[in-house]
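Visitor: Mind looking over this structure? Questions follow.
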Amino acid sequence: MPARDLPNNPNLEHLKHQAKTLQETVRSGDAEAAGLVREFHPRLTDIPDGAAALTAFALADAQLVVARRYGFASWPRLREHIDTVTRYTRSPHHQPIGGPITTASELADEFLRLACLTYGGDDLTRHQRARDLLTAHPELAAASIYTAAAVGDTAAASILLAADASLANREGGPHRWPPLLYLAYSRVDSTRPGHSTVDVARLLLGHGADPNAGYLWEGLTSPFTALTGAFGEGEDAVNQPRHQHSHTLARMLLDADADPNDSQTLYNRQFNPDNDHLELLFAHGLGRGSGGPWHARLGPAHPTPAQMLADQLLWAVQQNLPERVRLLLHHGVDITATCTFPHPAIGDRTAHELAVLLGNTEIADLLAAAGAAPVPLNPMEAFVAACMRADHNTVQRLTGEDPTLARRVIATLPELIIRAAELNRPDTVRLMTAVGFDVNTRRRVTPLHTAAHDGHLDLARVLIELGADPTIRDTEFNSTPLGWAQHGHQHDVAAYLSGLGNGPATSDKGAS
């Protein structure tokens with residue numbers, strides 16, 4: 001069996017229960033449990049069923065198997081990892097806003113909750129509310145080292161740090177963050193005289209602030225660092241903008257020895273096609289080294305620098321970003337890494353195979369030139385690739401050779417039309433609907449939700465022309481495509497969909 005990933009917020013007591021259950025099932029003679037022992041226990045790989053070592057299987061051995069199945073060398077190492085996750089886990093998006101405020105401290109906490117990205121329910125209006133609060137209560141800027149950092153009040157930060165330099169790393173405020181994180185995740189963007197988050201960052205770092213400061217969002221093992229906050233963006237990039245001084249602040253952190261192998265930064269910025277973040281990170285050692293302090297803390301639960309680059313390559317292939325692929329190839333990315341899709345018909349592909357299958361011919365040529373070996377496609381795969389590159393002639397030839405081919409592909413991969421919408425390919429969508437794909441296919445979202453979220457007006461028009469239903473709601477937020485466009489501030493698409501006159505847009509649209 002494959003090794004497992006630990007769940008979010010792993011619980012030691014739950015893992016102890018797993019080990020106890022495994023011990024009992026092994027002792028009872030369960031064949032599957034014995035197979036786990038042979039696979040993951042280093043000293044019992046060849047033990048036969050019914051052997052004395054299995055009938056008297058010790059709890060310590062069961063704990064070792066559980067640990068190794070989760071990728072850890074020993075039970076103590078797994079316990080140490082859980083202690084680390086517990087130490088750094090924060091849930092800033094669960095902090096309440098809008099409650100009664102009766103003290104200056106409560107007012108400062110409310111300001112910080114509104115001012116900072118939390119990566120759960122972020123919205124530009126929250127940042128404006130923070131600005132409005134600061135205008136009404138300018139004393140907030142000097143209320144604490146945390147508000148001074150979020151605002152960039154240089155004088156207040158200087159006074160506070162001169163009185164107590166240990167404040168530079170002291171956790172506090174509503175999120176239990178050190179001040180550098182409030183600075184990096186703040187979107188107050190003040191331009192008032194005396195306000196500069198860059199100058200305050202320089203002060204904090206000069207007083208010993210940790211440039212690798214970060215936290216684990218909900219126990220996930222991709223740390224949200226100060227660098228992550230500086231670069232900003234994410235799955236909901238419009239509502240999670242870059243820091244006011246993104247590049248300058250990121251460079252300052254990197255020059256202060258922030259590790260460039262920042263997995264969450266890479267994830268958050270991968271959705272935008274520009275590569276300025278990668279160029280800066282590569283200049284400071286991305287893809288090289290040991291992975292820095294967070295990799296040392298999190299061990300096998302955290303990707304290596306090489307794995308981070310491979311993940312970026314596979315994402316760039318999926319999203320058809322040839323310039324990013326060129327950049328990654330220039331820096332020696334491993335082109336043999338494979339990607340696992342949730343559907344078995346697409347999963348476990350190399351970057352080159354994936355590029356061919358998705359019709360990303362420029363990238364496929366780049367990877368072939370870099371040494372990727374071509375892999376023959378079976379008829380279903382060839383049909384998928386032809387559809388994705390809008391190759392009408394090949395589709396016609398393949399369906400002529402096998403009239404059942406389109407029906408079989410659609411039955412296997414009905415959501416492929418959503419992938420075509422993600423790649424903003426109106427011609428592909430037209431071809432796919434012509435061969436029988438359902439334009440209203442929903443896998444969490446429909447193609448129209450995707451076009452609305454990404455602001456692709458021409459694609460949205462084509463989808464409506466082809467019969468897309470603008471009243472269908474997604475399965476996560478119960479929102480129509482109009483709700484997705486409105487949440488993402490995609491005003492042109494929102495205006496177009498509003499003009500269709502199809503009722504209310506949204507029930508409860510959150511971060512996407």
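Residues in the structure tokens are numbered from 1 in each chain, the chains being A, B, ... in the order shown, and ligands are numbered from 1 in the order shown.
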Using only C-alpha atoms, determine which residues lie at most 12 Å from region 131-133 of chain A, disregarding the query and same-chain residues fewer than 2 positions distant; provide the list as a VMD selection string.
Guide: chain A and resid 98 107 to 116 124 to 129 135 to 141 150 to 151 186 to 192
Visitor: Contacts of Gln490 (chain A) at 12 Å or less, counting only C-alpha atoms, minus same-chain residues fewer than 3 places along, as JSON, numbers by chain?
Guide: {"A": [236, 237, 238, 239, 449, 450, 451, 452, 453, 454, 455, 456, 457, 460, 481, 482, 483, 484, 485, 486, 487, 493, 494, 495, 496, 497, 498]}
Visitor: Would you put the residues from that selection into a file with N, CA and C atoms, as an mmCIF file, in the first residue's frame?
Guide:
data_model
loop_
_atom_site.group_PDB
_atom_site.id
_atom_site.type_symbol
_atom_site.label_atom_id
_atom_site.label_comp_id
_atom_site.auth_asym_id
_atom_site.auth_seq_id
_atom_site.Cartn_x
_atom_site.Cartn_y
_atom_site.Cartn_z
ATOM 1 N N ASP A 236 -7.679 32.912 -4.649
ATOM 2 C CA ASP A 236 -8.605 34.034 -4.783
ATOM 3 C C ASP A 236 -7.790 35.316 -4.889
ATOM 4 N N ALA A 237 -6.954 35.402 -5.935
ATOM 5 C CA ALA A 237 -5.920 36.435 -6.011
ATOM 6 C C ALA A 237 -6.478 37.851 -5.986
ATOM 7 N N VAL A 238 -7.663 38.059 -6.549
ATOM 8 C CA VAL A 238 -8.221 39.415 -6.563
ATOM 9 C C VAL A 238 -8.440 39.908 -5.143
ATOM 10 N N ASN A 239 -8.888 39.037 -4.266
ATOM 11 C CA ASN A 239 -9.152 39.400 -2.876
ATOM 12 C C ASN A 239 -7.962 39.128 -1.960
ATOM 13 N N HIS A 449 -18.968 28.761 -14.440
ATOM 14 C CA HIS A 449 -18.389 29.254 -13.188
ATOM 15 C C HIS A 449 -16.908 29.589 -13.385
ATOM 16 N N THR A 450 -16.201 28.699 -14.073
ATOM 17 C CA THR A 450 -14.770 28.900 -14.299
ATOM 18 C C THR A 450 -14.521 30.158 -15.126
ATOM 19 N N ALA A 451 -15.282 30.334 -16.208
ATOM 20 C CA ALA A 451 -15.116 31.526 -17.040
ATOM 21 C C ALA A 451 -15.417 32.788 -16.247
ATOM 22 N N ALA A 452 -16.454 32.734 -15.408
ATOM 23 C CA ALA A 452 -16.834 33.896 -14.604
ATOM 24 C C ALA A 452 -15.750 34.231 -13.586
ATOM 25 N N HIS A 453 -15.244 33.230 -12.892
ATOM 26 C CA HIS A 453 -14.218 33.448 -11.874
ATOM 27 C C HIS A 453 -12.962 34.052 -12.468
ATOM 28 N N ASP A 454 -12.577 33.587 -13.680
ATOM 29 C CA ASP A 454 -11.327 34.024 -14.288
ATOM 30 C C ASP A 454 -11.493 35.271 -15.152
ATOM 31 N N GLY A 455 -12.734 35.758 -15.299
ATOM 32 C CA GLY A 455 -12.955 36.983 -16.061
ATOM 33 C C GLY A 455 -12.866 36.815 -17.565
ATOM 34 N N HIS A 456 -13.167 35.630 -18.081
ATOM 35 C CA HIS A 456 -13.068 35.367 -19.517
ATOM 36 C C HIS A 456 -14.424 35.632 -20.170
ATOM 37 N N LEU A 457 -14.635 36.872 -20.585
ATOM 38 C CA LEU A 457 -15.930 37.284 -21.114
ATOM 39 C C LEU A 457 -16.264 36.577 -22.425
ATOM 40 N N ALA A 460 -17.332 33.131 -21.709
ATOM 41 C CA ALA A 460 -18.665 33.121 -21.100
ATOM 42 C C ALA A 460 -19.744 33.282 -22.159
ATOM 43 N N PRO A 481 -22.717 31.345 -11.396
ATOM 44 C CA PRO A 481 -21.558 31.975 -12.037
ATOM 45 C C PRO A 481 -21.498 33.482 -11.795
ATOM 46 N N LEU A 482 -22.654 34.153 -11.760
ATOM 47 C CA LEU A 482 -22.666 35.580 -11.465
ATOM 48 C C LEU A 482 -22.062 35.857 -10.084
ATOM 49 N N GLY A 483 -22.383 35.027 -9.105
ATOM 50 C CA GLY A 483 -21.808 35.200 -7.779
ATOM 51 C C GLY A 483 -20.301 35.059 -7.792
ATOM 52 N N TRP A 484 -19.794 34.116 -8.594
ATOM 53 C CA TRP A 484 -18.346 33.944 -8.698
ATOM 54 C C TRP A 484 -17.703 35.167 -9.348
ATOM 55 N N ALA A 485 -18.343 35.708 -10.384
ATOM 56 C CA ALA A 485 -17.796 36.896 -11.036
ATOM 57 C C ALA A 485 -17.796 38.083 -10.086
ATOM 58 N N GLN A 486 -18.881 38.251 -9.340
ATOM 59 C CA GLN A 486 -18.971 39.376 -8.399
ATOM 60 C C GLN A 486 -17.936 39.245 -7.284
ATOM 61 N N HIS A 487 -17.790 38.040 -6.743
ATOM 62 C CA HIS A 487 -16.819 37.847 -5.663
ATOM 63 C C HIS A 487 -15.405 38.132 -6.133
ATOM 64 N N VAL A 493 -17.648 40.478 -16.828
ATOM 65 C CA VAL A 493 -18.413 39.234 -16.863
ATOM 66 C C VAL A 493 -19.655 39.350 -15.987
ATOM 67 N N ALA A 494 -19.501 39.988 -14.823
ATOM 68 C CA ALA A 494 -20.653 40.158 -13.936
ATOM 69 C C ALA A 494 -21.743 40.974 -14.615
ATOM 70 N N ALA A 495 -21.353 42.037 -15.319
ATOM 71 C CA ALA A 495 -22.348 42.860 -16.014
ATOM 72 C C ALA A 495 -23.048 42.054 -17.100
ATOM 73 N N TYR A 496 -22.283 41.250 -17.833
ATOM 74 C CA TYR A 496 -22.880 40.422 -18.888
ATOM 75 C C TYR A 496 -23.860 39.408 -18.301
ATOM 76 N N LEU A 497 -23.447 38.718 -17.255
ATOM 77 C CA LEU A 497 -24.330 37.708 -16.657
ATOM 78 C C LEU A 497 -25.541 38.359 -15.997
ATOM 79 N N SER A 498 -25.355 39.522 -15.385
ATOM 80 C CA SER A 498 -26.490 40.229 -14.788
ATOM 81 C C SER A 498 -27.516 40.587 -15.843
#
Visitor: Quick one: residues within 10 Å of Pro303 (chain A), only C-alpha atoms counted, chain neighbours fewer than 2 positions away excluded, as a list in words?
Guide: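 Listed by chain and then number, they are Thr221, Ser222, Asn261, Asp262, Ser263, Gly291, His295, Leu298, Gly299, Pro300, Ala301, Pro305, Ala306, Gln307, Met308, Leu309 and Asp311 of chain A.
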Visitor: Save the residues we just selected, C-alpha atoms, as a PDB file, in the first residue's frame?
Guide:
ATOM      1  CA  THR A 221       2.473  21.560   6.449  1.00  0.00           C
ATOM      2  CA  SER A 222       3.077  24.298   3.888  1.00  0.00           C
ATOM      3  CA  ASN A 261      12.335  27.413  -1.091  1.00  0.00           C
ATOM      4  CA  ASP A 262       8.976  28.674   0.125  1.00  0.00           C
ATOM      5  CA  SER A 263       6.299  26.158  -0.792  1.00  0.00           C
ATOM      6  CA  GLY A 291      15.091  23.497   2.245  1.00  0.00           C
ATOM      7  CA  HIS A 295      11.954  21.734   6.018  1.00  0.00           C
ATOM      8  CA  LEU A 298       8.596  19.384   9.180  1.00  0.00           C
ATOM      9  CA  GLY A 299      10.795  16.713   7.614  1.00  0.00           C
ATOM     10  CA  PRO A 300       9.130  14.348   5.119  1.00  0.00           C
ATOM     11  CA  ALA A 301       5.803  16.178   5.413  1.00  0.00           C
ATOM     12  CA  PRO A 305      13.509  22.029  -3.109  1.00  0.00           C
ATOM     13  CA  ALA A 306      13.611  19.634  -6.076  1.00  0.00           C
ATOM     14  CA  GLN A 307      10.053  18.483  -5.391  1.00  0.00           C
ATOM     15  CA  MET A 308       8.870  22.094  -5.256  1.00  0.00           C
ATOM     16  CA  LEU A 309      10.288  22.756  -8.716  1.00  0.00           C
ATOM     17  CA  ASP A 311       5.362  20.596  -8.734  1.00  0.00           C
TER      18      ASP A 311
END
Visitor: Please measure the separation of CA of Ser91 (chain A) and CA of Leu249 (chain A), giving the value in Å to one decimal.
Guide: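 Between CA of Ser91 (chain A) and CA of Leu249 (chain A) the gap is 24.1 Å.
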Visitor: Mind the document's chain letters and residue numbers, and return as a PyMOL selection string the residues of region 36-222 of chain A that DSSP labels helix (DSSP H, G or I).
Guide: chain A and resi 36-40+52-55+59-69+75-88+92-94+104-115+124-136+138-142+145-151+154-163+165-169+179-185+197-206
Visitor: Each residue of region 410-437 of chain A lying at most 12 Å from region 361-384 of chain A should get a row with its shortest atom-to-atom pair and the distance in Å to one decimal, counting only C-alpha atoms; could you produce that, ordered by chain and increasing number, as CSV?
Guide:
residue,atom,partner,partner_atom,distance
A:Ile410,CA,A:Val384,CA,9.5
A:Ala411,CA,A:Met380,CA,11.3
A:Thr412,CA,A:Met380,CA,9.7
A:Leu413,CA,A:Val384,CA,9.1
A:Pro414,CA,A:Val384,CA,11.1
A:Glu415,CA,A:Val384,CA,11.7
A:Leu416,CA,A:Val384,CA,8.4
A:Ile417,CA,A:Val384,CA,10.4
A:Arg419,CA,A:Val384,CA,11.3
A:Ala420,CA,A:Val384,CA,10.8
A:Thr428,CA,A:Val384,CA,10.7
A:Leu431,CA,A:Val384,CA,11.3
A:Met432,CA,A:Val384,CA,9.6
A:Val435,CA,A:Phe383,CA,10.8
A:Phe437,CA,A:Val384,CA,11.7
Visitor: Name the residues in contact with Asn272 (chain A) at a cut-off of 12 Å, using only C-alpha atoms, excluding same-chain residues fewer than 4 positions from it; report them as a list in words.
Guide: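 Result of the neighbour search: Phe231, Gly232, Glu233, Gly234, Glu235, Asp236, Ala237, Val238, Pro241, Arg242, Thr265, Leu266, Tyr267, Asn268, Asp276, His277, Leu278, Trp315, Ala316, Gln319, Asn320, Leu321, Arg324 and Asp454 of chain A.
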Visitor: List as an MDAnalysis selection string the protein and nucleic acid residues near Gly467 (chain A), meaning an atom at most 10 Å away when only C-alpha atoms are counted, but skip any in the same chain fewer than 5 places from it.
Guide: chainID A and resid 433 438:440 462
Visitor: For region 38-49 of chain A, work out the shell of residues within 12 Å, counting only C-alpha atoms and skipping chain neighbours fewer than 2 positions away, then give it as a ChimeraX atom specification.
Guide: /A:1-4,26-36,51-55,57-58,60-75
Visitor: Between A:Pro260, A:Pro211, A:Pro10, A:Gly172, which is the closest to Arg288 (chain A) once you count only C-alpha atoms?
Guide: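 When distances to Arg288 (chain A) are compared using only C-alpha atoms, the smallest one comes from A:Pro260.
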Visitor: Please measure the separation of CA of Asp123 (chain A) and CA of Ile97 (chain A), giving the value in Å to one decimal.
Guide: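 Separation between CA of Asp123 (chain A) and CA of Ile97 (chain A): 12.8 Å.
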Visitor: What does the structure give for the distance between CA of Ser246 (chain A) and CA of Val317 (chain A), in Å to one decimal?
Guide: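 According to the coordinates, CA of Ser246 (chain A) and CA of Val317 (chain A) are separated by 26.2 Å.
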Visitor: Mind listing the strand (DSSP E or B) residues of region 202-353 of chain A, per DSSP on the backbone, as an MDAnalysis selection string?
Guide: chainID A and resid 214:217 224:225 338:339 349:350
Visitor: When you count only C-alpha atoms, which of these residues is closest to Thr89 (chain A): A:Ala104, A:Leu423, A:Ala434, A:Leu220?
Guide: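 Looking at the shortest contact to Thr89 (chain A), the residue is A:Leu220.
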Visitor: Go through A:Asn9, A:Leu314, A:Leu134, A:Val445 one by one, measure the shortest atom-to-atom distance of each to Ser479 (chain A) using only C-alpha atoms, and give the residue with the smallest value.
Guide: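 The answer is A:Val445, which sits nearest to Ser479 (chain A).
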Visitor: Using only C-alpha atoms, which of the listed residues (A:Ala385, A:Leu167, A:Leu117, A:Ala351) sits closest to Leu398 (chain A)?
Guide: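 The shortest atom-to-atom distance to Leu398 (chain A) comes from A:Ala385.
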